[in-house]
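S.K.: First the structure, then my questions, so here it is.
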Amino acid sequence: MWIGNRSKASVRAGGSRGLRAGAPPMDSLLFLCARRVVAHRPLPVLPADLHPVLFQAAFLDGRPLVLRDLVAAWPFPVLNFQRLVGRRELLRDHPCKLCVQAVILAVVAQLRRQLEEPGHDARWVRLRVLDITGLPDSASGRAPDGMSVWSGTVALAKACAEVSKHRREFQRRGSKRHKGRSGAATAAAAPQPPGVDVHADLFVNGTSYGILRDALQTGSAGPLRLKCRELQAEELSASAIVALLESLDPSFLRRVDLRFNNLGLAGLSVILPHLSRFPELRSLKLQYSNVDVRRPTPESAVGIRCLAGQLGMLPSLRELNLGSSRLSGNLRQILCDLQAPLESLELAFCSLVPADLAFLSQSFHAPALKRLDLSGHDFSQGLLEPLRLLLEETSASLLHLDLMECRMADSHLDALLPTLRRCSRLRFLGLYGNSLSTAALKDLLQKTLELPDLRLVVYPFPVDRYTPEPPPASGWDPGRAVDEELVALVDAEFGRALEGSGRSDLVWSSNPYGHGELDFFSL
């Protein structure tokens, strides 16, 4: 009786309250009842308001056939995976490959049925948007049966190709049935289903490029339409990347990630002009693009001016990653045309010089920065004071600071500590790969307990715990043997210090992997 009354209230409220409410707690009575319901097929006829919790239960319990049934009768215009399933950790830790595939196949089957039987039960077919953005890559999760972003991209591309092919065949059969001069026009004029937009994050490389390009180009006006929110392309030519960009919906794209494409300044000059058609583009990642301007030449000067001008044509840009580009002394020239301050800047292993950090600390970017990655620079020499001045300027906004493998010793950390303590909003501090002692790390722990938002510190193996002797003075040696028992003792000491201080919300870890990256869009 209670469930029935709840569904009537939802219908009076417009029939979408359950969708807006998000996923209920997994220990709630409603969720436990939903798990019992989805354990058996066929499902009983249930109020529309219960579909979201049934979807959550079926997904988390790995029931692809039940998911197909639910999608076939989905009563809302939008089906959003992340909103329905709940926390991203749930998506990461539960096998989802078969479940995601089941949802895609159910949408394909629905569209095929609409093509073959126009108008049949059309008033009950309400799904218009399938949103599978934000699904974590299986490589970063612990579920062995998870779906990678790459395989999800291929599955979606194949689905679009299948629906487009079926529509062409249906139109061809219609033309044959209506023989004569007006046959093709009659078939084309037959009622077409409104179709479904699929919002997705896409990852493409040389292996999947062909099928994704075809799906984007032929399916843009078809019944199943891909709307890319984030595009990651690896190991593709500049012309191939341009072909993909030209096929994307310009109103939806928020991130382009072009890592490992060996483009150089010449390749970037071909691609970047095509980004100006995306008004919502906020994030651009160009790491490992084979850009090296350490030795100025007339050609590199032209390339830098071209790059700066093209970046200046992206008014919504707030995140830029130029990691592993050799930029010595050229940061001012590259960022000079940006229309708005950056909030995330990743410059790991960019061979920066003091003038680059001095420019950054005096620029309008500094007080807006939420994320800063300067890993891979030698702060044991002339970069330390420019870094300290930069951190002073970013202290009111900075949430995420990466200084991994920066050849910092105890004295350098001690010089930075007063400034770090003024970064009152800091959530993440990465110091892995620096030559720091146990005493310096304990001092860091005690002096940063006062930072209320700090949640994760990734610290290096203490130099005094290496065997048989400390690393060489030149810096951190990743091949040096580590006494794991002593490191475990240090970990335990840190754990006790955090527990005794009442900071159970703060994690100190010597493992730089597996924590989940703080993404710009979650800042």
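Residue numbering restarts at 1 for every chain of the structure tokens, chains are lettered A, B, ... in their displayed order, and ligands are numbered from 1 as they appear.
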Determine which residues of segment 331-521 of chain A receive a DSSP assignment of helix (DSSP H, G or I), computed from the backbone, and state them as an NGL selection string.
M.R.: :A and (331-335 or 354-362 or 366-368 or 384-394 or 410-421 or 438-448 or 463-465 or 484-500 or 520-521)
S.K.: Find the residues around Arg294 of chain A up to 10 Å (only C-alpha atoms counted), leave out those fewer than 6 positions away in its own chain, and share them as a list in words.
M.R.: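 Once the nearby chain positions are removed, what remains is Ser300, Ser325, Arg326, Leu327, Ser328, Gly329, Asn330, Cys350, Ser351 and Leu352 of chain A.
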S.K.: Taking into account only C-alpha atoms, which residue in the set A:Gln114, A:Asn261, A:Thr153, A:Gln171 is nearest to Gly210 of chain A?
M.R.: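 Smallest distance to Gly210 of chain A is found for A:Thr153.
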